[in-house]
Structure formats: structure tokens, C-alpha cells
file input-v1.tsv (TSV, C-alpha atoms and all ligand atoms)
chain	number	residue	atom	x	y	z
L	1	MET	CA	24.80	-17.59	-21.38
L	2	SER	CA	24.01	-15.86	-18.08
L	3	SER	CA	21.28	-13.26	-18.29
L	4	ILE	CA	23.76	-10.40	-18.09
L	5	GLU	CA	25.80	-11.88	-20.94
L	6	GLN	CA	22.57	-12.24	-22.90
L	7	ARG	CA	21.65	-8.61	-22.23
L	8	HIS	CA	25.12	-7.49	-23.32
L	9	HIS	CA	24.78	-9.48	-26.52
L	10	ASP	CA	21.27	-8.11	-27.22
L	11	LEU	CA	22.32	-4.55	-26.44
L	12	LEU	CA	25.23	-4.69	-28.90
L	13	ALA	CA	22.89	-6.12	-31.54
L	14	ASP	CA	20.37	-3.34	-30.83
L	15	LEU	CA	22.97	-0.59	-31.12
L	16	GLN	CA	24.22	-2.10	-34.36
L	17	ALA	CA	20.69	-2.38	-35.81
L	18	THR	CA	19.78	1.16	-34.78
L	19	ALA	CA	22.97	2.52	-36.32
L	20	SER	CA	22.55	0.72	-39.62
L	21	ARG	CA	18.89	1.76	-39.86
L	22	LEU	CA	20.06	5.37	-39.45
L	23	GLY	CA	23.00	5.00	-41.82
L	24	ARG	CA	25.47	5.58	-38.99
L	25	SER	CA	28.42	3.60	-37.67
L	26	ALA	CA	27.66	1.64	-34.52
L	27	PRO	CA	28.90	3.55	-31.46
L	28	ARG	CA	31.27	2.09	-28.89
L	29	LEU	CA	29.52	0.84	-25.80
L	30	LEU	CA	30.65	2.16	-22.43
L	31	ALA	CA	29.20	-0.11	-19.73
L	32	VAL	CA	28.29	2.18	-16.83
L	33	SER	CA	28.91	0.10	-13.72
L	34	LYS	CA	28.35	2.63	-10.93
L	35	ARG	CA	26.66	1.06	-7.90
L	36	GLN	CA	27.06	-2.38	-9.47
L	37	PRO	CA	29.23	-5.00	-7.76
L	38	ALA	CA	32.58	-6.16	-9.12
L	39	ALA	CA	31.03	-9.55	-9.92
L	40	ALA	CA	28.64	-7.92	-12.40
L	41	ILE	CA	31.56	-6.17	-14.09
L	42	ALA	CA	33.45	-9.47	-14.29
L	43	ALA	CA	30.43	-11.13	-15.96
L	44	VAL	CA	30.13	-8.39	-18.60
L	45	HIS	CA	33.90	-8.48	-19.12
L	46	ALA	CA	33.66	-12.24	-19.72
L	47	ALA	CA	31.12	-11.45	-22.46
L	48	GLY	CA	33.79	-9.39	-24.21
L	49	GLN	CA	33.09	-5.89	-22.90
L	50	ARG	CA	36.23	-3.88	-22.21
L	51	ALA	CA	35.21	-0.27	-21.45
L	52	PHE	CA	33.56	0.48	-18.09
L	53	GLY	CA	32.35	3.82	-16.71
L	54	GLU	CA	32.31	4.83	-13.05
L	55	ASN	CA	31.13	8.04	-11.41
L	56	TYR	CA	33.17	8.09	-8.21
L	57	VAL	CA	36.92	7.66	-7.91
L	58	GLN	CA	36.82	5.89	-4.53
L	59	GLU	CA	34.07	3.45	-5.54
L	60	ALA	CA	35.96	2.62	-8.73
L	61	MET	CA	39.23	2.01	-6.90
L	62	VAL	CA	37.62	-0.59	-4.64
L	63	LYS	CA	36.30	-2.51	-7.65
L	64	GLN	CA	39.55	-2.11	-9.59
L	65	ALA	CA	41.39	-3.78	-6.71
L	66	GLU	CA	38.88	-6.64	-6.73
L	67	LEU	CA	39.22	-7.02	-10.49
L	68	ALA	CA	42.99	-6.63	-10.72
L	69	ARG	CA	43.26	-10.09	-12.31
L	70	LEU	CA	41.35	-8.91	-15.42
L	71	ASP	CA	43.72	-7.53	-17.94
L	72	ASP	CA	42.65	-5.52	-20.92
L	73	ILE	CA	40.01	-3.52	-19.09
L	74	GLU	CA	39.52	0.19	-19.76
L	75	TRP	CA	38.24	2.48	-16.99
L	76	HIS	CA	36.40	5.72	-17.77
L	77	LEU	CA	35.58	8.33	-15.14
L	78	ILE	CA	32.24	9.90	-16.10
L	79	GLY	CA	31.23	11.67	-12.86
L	80	HIS	CA	32.14	15.15	-11.69
L	81	LEU	CA	35.79	15.27	-10.62
L	82	GLN	CA	36.99	17.47	-7.76
L	83	THR	CA	40.45	18.92	-8.30
L	84	ASN	CA	41.71	17.33	-5.06
L	85	LYS	CA	40.90	13.90	-6.53
L	86	ALA	CA	42.85	14.53	-9.74
L	87	ARG	CA	45.86	12.58	-8.51
L	88	GLU	CA	43.90	9.37	-7.98
L	89	ALA	CA	41.89	9.85	-11.17
L	90	ALA	CA	45.06	10.32	-13.22
L	91	ARG	CA	46.51	7.09	-11.84
L	92	HIS	CA	43.50	4.82	-11.82
L	93	PHE	CA	41.65	5.68	-15.02
L	94	ASP	CA	42.38	5.42	-18.74
L	95	TRP	CA	39.84	8.07	-19.67
L	96	VAL	CA	38.28	11.06	-17.89
L	97	GLN	CA	35.09	12.19	-19.64
L	98	SER	CA	34.17	14.98	-17.22
L	99	VAL	CA	36.85	17.62	-17.84
L	100	ASP	CA	35.18	21.00	-17.49
L	101	ARG	CA	37.72	23.53	-16.22
L	102	LEU	CA	41.29	24.66	-16.72
L	103	ARG	CA	42.43	23.92	-13.18
L	104	LEU	CA	41.42	20.31	-13.65
L	105	VAL	CA	43.33	20.03	-16.95
L	106	GLU	CA	46.47	21.33	-15.27
L	107	ALA	CA	46.04	19.06	-12.25
L	108	LEU	CA	45.57	15.96	-14.43
L	109	ALA	CA	48.61	16.90	-16.52
L	110	ARG	CA	50.69	17.26	-13.34
L	111	GLU	CA	49.53	13.94	-11.92
L	112	ARG	CA	49.54	11.64	-14.95
L	113	ALA	CA	52.73	9.64	-14.47
L	114	THR	CA	55.21	9.61	-17.30
L	115	GLY	CA	55.56	5.98	-18.24
L	116	LEU	CA	51.80	5.54	-18.50
L	117	PRO	CA	50.16	6.11	-21.88
L	118	PRO	CA	48.57	9.56	-22.25
L	119	LEU	CA	45.35	10.02	-20.26
L	120	ASN	CA	42.41	10.21	-22.68
L	121	LEU	CA	40.19	13.21	-22.03
L	122	LEU	CA	36.76	14.38	-23.10
L	123	VAL	CA	35.59	17.91	-22.44
L	124	GLN	CA	32.17	17.81	-20.80
L	125	VAL	CA	29.87	20.48	-22.19
L	126	ASN	CA	26.87	21.78	-20.26
L	127	VAL	CA	24.93	22.01	-23.47
L	128	ASP	CA	21.59	23.01	-21.92
L	129	ASP	CA	23.20	25.62	-19.64
L	130	GLU	CA	21.77	23.98	-16.56
L	131	ASN	CA	22.68	25.67	-13.28
L	132	SER	CA	23.17	22.55	-11.27
L	133	LYS	CA	25.20	20.59	-13.79
L	134	SER	CA	28.88	20.20	-14.22
L	135	GLY	CA	30.30	20.85	-17.65
L	136	CYS	CA	31.76	23.94	-19.29
L	137	SER	CA	29.77	26.32	-21.44
L	138	VAL	CA	29.80	25.93	-25.22
L	139	ASP	CA	31.97	29.07	-25.38
L	140	GLU	CA	34.61	27.69	-23.01
L	141	ALA	CA	35.09	24.34	-24.75
L	142	GLY	CA	37.57	25.62	-27.35
L	143	ASP	CA	40.01	27.01	-24.76
L	144	LEU	CA	39.89	23.77	-22.78
L	145	CYS	CA	40.71	21.78	-25.91
L	146	VAL	CA	43.70	24.03	-26.61
L	147	ALA	CA	44.90	23.63	-23.02
L	148	ILE	CA	44.65	19.82	-23.17
L	149	ALA	CA	46.40	19.64	-26.53
L	150	ARG	CA	49.47	21.36	-25.05
L	151	HIS	CA	50.27	18.42	-22.74
L	152	PRO	CA	52.02	15.35	-24.19
L	153	ASN	CA	50.73	13.15	-21.35
L	154	LEU	CA	47.09	14.05	-22.12
L	155	ALA	CA	45.19	12.99	-25.25
L	156	LEU	CA	42.30	15.17	-26.37
L	157	ARG	CA	39.73	12.68	-27.66
L	158	GLY	CA	36.50	14.66	-27.89
L	159	LEU	CA	33.38	15.82	-26.07
L	160	MET	CA	30.84	14.43	-23.63
L	161	ALA	CA	27.43	15.89	-22.79
L	162	ILE	CA	24.37	14.98	-20.73
L	163	PRO	CA	21.34	16.88	-21.97
L	164	ALA	CA	18.69	17.98	-19.48
L	165	PRO	CA	16.43	14.97	-18.81
L	166	HIS	CA	13.56	16.61	-20.65
L	167	PRO	CA	10.51	14.40	-21.24
L	168	ASP	CA	10.23	16.01	-24.68
L	169	PHE	CA	12.75	13.96	-26.61
L	170	GLU	CA	12.86	16.52	-29.41
L	171	LEU	CA	14.59	18.89	-26.99
L	172	ARG	CA	17.14	16.21	-26.10
L	173	ARG	CA	17.74	15.62	-29.78
L	174	GLN	CA	18.44	19.30	-30.30
L	175	ALA	CA	20.92	19.25	-27.42
L	176	PHE	CA	22.70	16.26	-28.99
L	177	ARG	CA	22.78	18.08	-32.29
L	178	ARG	CA	24.27	21.26	-30.78
L	179	THR	CA	26.97	19.14	-29.15
L	180	ARG	CA	27.77	17.42	-32.42
L	181	GLU	CA	27.98	20.76	-34.26
L	182	LEU	CA	30.42	22.01	-31.62
L	183	PHE	CA	32.39	18.76	-31.98
L	184	ASP	CA	32.62	19.23	-35.77
L	185	ARG	CA	33.90	22.80	-35.36
L	186	LEU	CA	36.53	21.84	-32.77
L	187	GLN	CA	37.63	18.81	-34.75
L	188	ALA	CA	38.72	21.10	-37.58
L	189	ASP	CA	41.45	22.43	-35.24
L	190	HIS	CA	42.06	19.14	-33.41
L	191	PRO	CA	41.95	16.27	-35.92
L	192	GLY	CA	42.78	13.77	-33.15
L	193	MET	CA	39.30	14.25	-31.71
L	194	ASP	CA	37.46	11.03	-32.51
L	195	THR	CA	34.97	10.54	-29.68
L	196	LEU	CA	31.56	12.07	-29.14
L	197	SER	CA	30.13	10.56	-25.94
L	198	LEU	CA	26.35	11.05	-26.10
L	199	GLY	CA	23.39	8.94	-25.09
L	200	MET	CA	22.35	6.78	-22.11
L	201	SER	CA	19.86	3.93	-21.68
L	202	GLU	CA	16.81	6.11	-22.40
L	203	ASP	CA	18.04	8.11	-25.35
L	204	ALA	CA	20.85	6.15	-27.01
L	205	GLY	CA	18.91	5.86	-30.28
L	206	LEU	CA	18.46	9.62	-30.51
L	207	ALA	CA	22.12	10.15	-29.76
L	208	ILE	CA	23.16	7.70	-32.48
L	209	ALA	CA	20.90	9.52	-34.93
L	210	GLU	CA	22.82	12.71	-34.13
L	211	GLY	CA	26.25	11.16	-34.57
L	212	SER	CA	27.25	9.76	-31.17
L	213	THR	CA	30.37	7.55	-31.33
L	214	MET	CA	30.09	6.29	-27.72
L	215	VAL	CA	26.96	5.57	-25.70
L	216	ARG	CA	27.15	5.26	-21.90
L	217	ILE	CA	24.71	2.61	-20.77
L	218	GLY	CA	24.03	1.42	-17.25
L	219	THR	CA	20.44	0.42	-16.53
L	220	ALA	CA	19.69	-1.22	-19.88
L	221	LEU	CA	22.68	-3.52	-19.37
L	222	PHE	CA	23.02	-4.17	-15.63
L	223	GLY	CA	19.42	-3.57	-14.61
L	224	LYS	CA	18.23	-1.04	-12.03
L	225	ARG	CA	20.78	0.29	-9.55
L	226	ASP	CA	20.10	-0.04	-5.80
J	301	LIG	C1	24.64	6.93	-14.66
J	301	LIG	C2	25.19	7.56	-15.89
J	301	LIG	C3	24.98	6.97	-17.15
J	301	LIG	C4	24.15	5.72	-17.37
J	301	LIG	O1	22.79	5.98	-17.14
J	301	LIG	P1	21.68	4.86	-17.46
J	301	LIG	O2	20.44	5.65	-17.56
J	301	LIG	O3	21.69	3.92	-16.31
J	301	LIG	O4	22.05	4.20	-18.74
J	301	LIG	C5	25.57	7.58	-18.24
J	301	LIG	N1	26.32	8.70	-18.13
J	301	LIG	C6	26.53	9.30	-16.94
J	301	LIG	C7	27.37	10.52	-16.88
J	301	LIG	C8	25.97	8.75	-15.79
J	301	LIG	O5	26.18	9.36	-14.62
call {"tool": "encode", "arguments": {"input": "input-v1.tsv", "output": "C-alpha cells"}}
result
Amino acid sequence: MSSIEQRHHDLLADLQATASRLGRSAPRLLAVSKRQPAAAIAAVHAAGQRAFGENYVQEAMVKQAELARLDDIEWHLIGHLQTNKAREAARHFDWVQSVDRLRLVEALARERATGLPPLNLLVQVNVDDENSKSGCSVDEAGDLCVAIARHPNLALRGLMAIPAPHPDFELRRQAFRRTRELFDRLQADHPGMDTLSLGMSEDAGLAIAEGSTMVRIGTALFGKRD
């Protein structure tokens, strides 16, 4: 096995072990490939990984063209999305995890071609109310879910959050917990919601403890980004 295949293997085993120790189901792994070359994605794909996360539409499109021969690959947009990029995002991704405003919901609904399967969406919640962050407020999330659910070419799948990178991990844990409580409340109205995207390389274990169903991991899989 190449070292990246080995790391992928070990990471899956780690996630599985952490989850069973906590009495949770193992989360899905989203391999965050921003600023990693297409060759690294191909190596992780060869190890069996299917879901990849990118932050920028243009950067992703370059790699998607290079990797067009790989079938059965699932692209997730996890970075902030400008409304004027909605057309490309709706055509080149299977999931958008960074939906945080009504205008963006309507633009994605307009641009997702009929003939493609519904575009899977997560509402990104700014759970620590940080000024600089994208994400809607906890209070706005419900209306966004209702707006998404109205469109047959969009699939409301759940929530995503990035807690403030606080060195005190107890504060991150509380942010994960608040997101999960919001998820549980919204799920009562939207039973199709099945994805809670929480946790990155540093805090995946905490996120799993609080009920994450998808961890987004870059550094711990691909190594440091340039
Ligand atoms: C970069 C990024 C990640 C992965 O971060 P790592 O610390 O490298 O695991 C996860 N989620 C989002 C939204 C990111 O931008």
C-alpha cells in the first residue's frame, strides 16, 4: 500500500474504533482535498474513498476534468459559495454543504438541471455566532430548510457547522452539541434529514461523541496543505 492508502485505511479504522468506544455509529468520511493535487485524490479513490470535499468551485472543476475517468466519485462543496457561482456549483457538485441564505437556495434550484439527480444540500449554521464566518444563525435554519424542501430538484440532507477554533475543546463540544440539538428539532419536520456534518482532523472524536454522521478530514489524511 502507498502511504496515503495506508493513512486512509488507518483513519477509517480510527473513526470506527472511536465510534464503537462511544457507542455511536461510525460517521461517513469526507476526504477534504482542497489544495491537494488530482493525483492525491486518485490515490485515495483507489483505496476505496468516494466522497471528496473542495472549498472552491474553480479549483474543483480543474481537478474534476483531470479525474473525469474515475466514475463513482462524489463531490461536495464545503467552502463559502457566492451566488454568482451557483450555476457552476449546481452542475459540478453532488452536494453543497455551505447553504446559508435564501438567495442561494433559489439560485441553486434554478440552476440544477432537470435530468440530474437532486442536488444534496446541507444548511451551514454559524453556531458560535462568529462575525467573520459564513453560515446562517440558529434562528434562520428552519426557514432555509423549508425553502429547500419546496424544490424537487434539491434534497435537504441536514446541517453542517464549523465551531470557532477554540483551544478549549469543551467549548467546541458544546457547539457540536447545540448543532445536534438543532438537527434533532428540524428532523422532526424533515424526516429526510440524515446528515450531520461535524468534525475535522483536530476534533473529529469530539464531533462523533456528539452525534456527527459525517466528518470532513483533510490534513489527517492527505498531510499538510501547501
Ligand atoms: C479545510 C476544511 C476541512 C478540513 O480541515 P482539516 O483540519 O485539514 O481536516 C473541513 N471542513 C471545512 C469546511 C474546511 O474548509
call {"tool": "closest_residue", "arguments": {"input": "input-v1.tsv", "among": "L:Asn131, L:Ser201, L:Asn84, L:Gln36", "to": "ligand LIG 301 (chain J)", "atoms": "all atoms listed in the file"}}
result
L:Ser201
call {"tool": "atom_distance", "arguments": {"input": "input-v1.tsv", "atom1": "atom CA of L:Ala90", "atom2": "atom CA of L:Arg112"}}
result
5.0 Å
call {"tool": "axis_aligned_box", "arguments": {"input": "input-v1.tsv", "around": "ligand LIG 301 (chain J)", "padding_each_side": "3 Å", "output": "JSON"}}
result
{"center_x": 23.9, "center_y": 7.2, "center_z": -16.7, "size_x": 12.9, "size_y": 12.6, "size_z": 10.1}
call {"tool": "closest_residue", "arguments": {"input": "input-v1.tsv", "among": "L:Ala86, L:Leu206, L:Ala31, L:Cys145", "to": "ligand LIG 301 (chain J)", "atoms": "only C-alpha atoms and all ligand atoms"}}
result
L:Ala31
call {"tool": "residues_around", "arguments": {"input": "input-v1.tsv", "residues": "L:Phe222", "least_positions_apart": "6", "cutoff": "8 Å", "atoms": "only C-alpha atoms", "output": "list in words"}}
result
Ile4, Ser33, Gln36 and Ala40 of chain L
call {"tool": "atom_distance", "arguments": {"input": "input-v1.tsv", "atom1": "atom CA of L:Glu59", "atom2": "atom CA of L:Lys34"}}
result
7.9 Å
call {"tool": "closest_residue", "arguments": {"input": "input-v1.tsv", "among": "L:Gln97, L:Ser25, L:Ser212, L:Thr195", "to": "ligand LIG 301 (chain J)", "atoms": "only C-alpha atoms and all ligand atoms"}}
result
L:Gln97
call {"tool": "closest_atom_pairs", "arguments": {"input": "input-v1.tsv", "of": "chain L", "to": "ligand LIG 301 (chain J)", "cutoff": "10 Å", "atoms": "all atoms listed in the file", "output": "CSV"}}
result
residue,atom,partner,partner_atom,distance
L:Leu30,CA,J:LIG301,C5,8.5
L:Ala31,CA,J:LIG301,C4,8.1
L:Val32,CA,J:LIG301,C4,5.5
L:Ser33,CA,J:LIG301,C1,8.1
L:Lys34,CA,J:LIG301,C1,6.8
L:Arg35,CA,J:LIG301,C1,9.2
L:Gly53,CA,J:LIG301,N1,7.9
L:Glu54,CA,J:LIG301,O5,7.8
L:Asn55,CA,J:LIG301,O5,6.0
L:Tyr56,CA,J:LIG301,O5,9.6
L:Leu77,CA,J:LIG301,C7,8.7
L:Ile78,CA,J:LIG301,C7,5.0
L:Gly79,CA,J:LIG301,C7,5.7
L:His80,CA,J:LIG301,C7,8.4
L:Gln97,CA,J:LIG301,C7,8.4
L:Ser98,CA,J:LIG301,C7,8.1
L:Gln124,CA,J:LIG301,C7,9.6
L:Met160,CA,J:LIG301,C7,8.5
L:Ala161,CA,J:LIG301,C7,8.0
L:Ile162,CA,J:LIG301,C7,6.6
L:Ser197,CA,J:LIG301,N1,8.9
L:Leu198,CA,J:LIG301,N1,8.3
L:Gly199,CA,J:LIG301,C5,7.3
L:Met200,CA,J:LIG301,O4,4.3
L:Ser201,CA,J:LIG301,O4,3.7
L:Glu202,CA,J:LIG301,O2,6.1
L:Asp203,CA,J:LIG301,O2,8.5
L:Ala204,CA,J:LIG301,O4,8.6
L:Val215,CA,J:LIG301,C5,7.9
L:Arg216,CA,J:LIG301,C5,4.6
L:Ile217,CA,J:LIG301,O4,3.7
L:Gly218,CA,J:LIG301,O3,3.6
L:Thr219,CA,J:LIG301,O3,3.7
L:Ala220,CA,J:LIG301,O4,6.0
L:Leu221,CA,J:LIG301,O4,7.8
L:Phe222,CA,J:LIG301,O3,8.2
L:Gly223,CA,J:LIG301,O3,8.0
L:Lys224,CA,J:LIG301,O3,7.4
L:Arg225,CA,J:LIG301,O3,7.7
call {"tool": "closest_residue", "arguments": {"input": "input-v1.tsv", "among": "L:Ala107, L:Ala60, L:Ala164, L:Leu159", "to": "L:Met214", "atoms": "only C-alpha atoms"}}
result
L:Leu159
call {"tool": "closest_residue", "arguments": {"input": "input-v1.tsv", "among": "L:Pro152, L:Trp75, L:Leu12, L:Glu170", "to": "L:Gly115", "atoms": "all atoms listed in the file"}}
result
L:Pro152
call {"tool": "closest_residue", "arguments": {"input": "input-v1.tsv", "among": "L:Leu102, L:Ala51, L:Ala149, L:Ala175", "to": "L:His190", "atoms": "only C-alpha atoms"}}
result
L:Ala149
call {"tool": "atom_distance", "arguments": {"input": "input-v1.tsv", "atom1": "atom CA of L:Pro167", "atom2": "atom CA of L:Asp129"}}
result
17.0 Å
call {"tool": "residues_around", "arguments": {"input": "input-v1.tsv", "residues": "L:Val62", "least_positions_apart": "5", "cutoff": "10 Å", "atoms": "only C-alpha atoms", "output": "JSON, numbers by chain"}}
result
{"L": [37, 38, 57, 67]}
call {"tool": "residues_near_point", "arguments": {"input": "input-v1.tsv", "point": "(47.5, 11.6, -13.5)", "cutoff": "12 Å", "atoms": "all atoms listed in the file", "output": "PyMOL selection string"}}
result
chain L and resi 83-96+104-121+151+153-154
call {"tool": "residues_around", "arguments": {"input": "input-v1.tsv", "residues": "L:Gln174", "least_positions_apart": "3", "cutoff": "10 Å", "atoms": "only C-alpha atoms", "output": "PDB file with C-alpha atoms, in the coordinates of the input"}}
result
ATOM      1  CA  VAL L 127      24.930  22.010 -23.470  1.00  0.00           C
ATOM      2  CA  ASP L 128      21.590  23.010 -21.920  1.00  0.00           C
ATOM      3  CA  PRO L 163      21.340  16.880 -21.970  1.00  0.00           C
ATOM      4  CA  PHE L 169      12.750  13.960 -26.610  1.00  0.00           C
ATOM      5  CA  GLU L 170      12.860  16.520 -29.410  1.00  0.00           C
ATOM      6  CA  LEU L 171      14.590  18.890 -26.990  1.00  0.00           C
ATOM      7  CA  ARG L 177      22.780  18.080 -32.290  1.00  0.00           C
ATOM      8  CA  ARG L 178      24.270  21.260 -30.780  1.00  0.00           C
ATOM      9  CA  THR L 179      26.970  19.140 -29.150  1.00  0.00           C
ATOM     10  CA  ARG L 180      27.770  17.420 -32.420  1.00  0.00           C
ATOM     11  CA  LEU L 206      18.460   9.620 -30.510  1.00  0.00           C
ATOM     12  CA  ALA L 207      22.120  10.150 -29.760  1.00  0.00           C
ATOM     13  CA  GLU L 210      22.820  12.710 -34.130  1.00  0.00           C
TER      14      GLU L 210
END
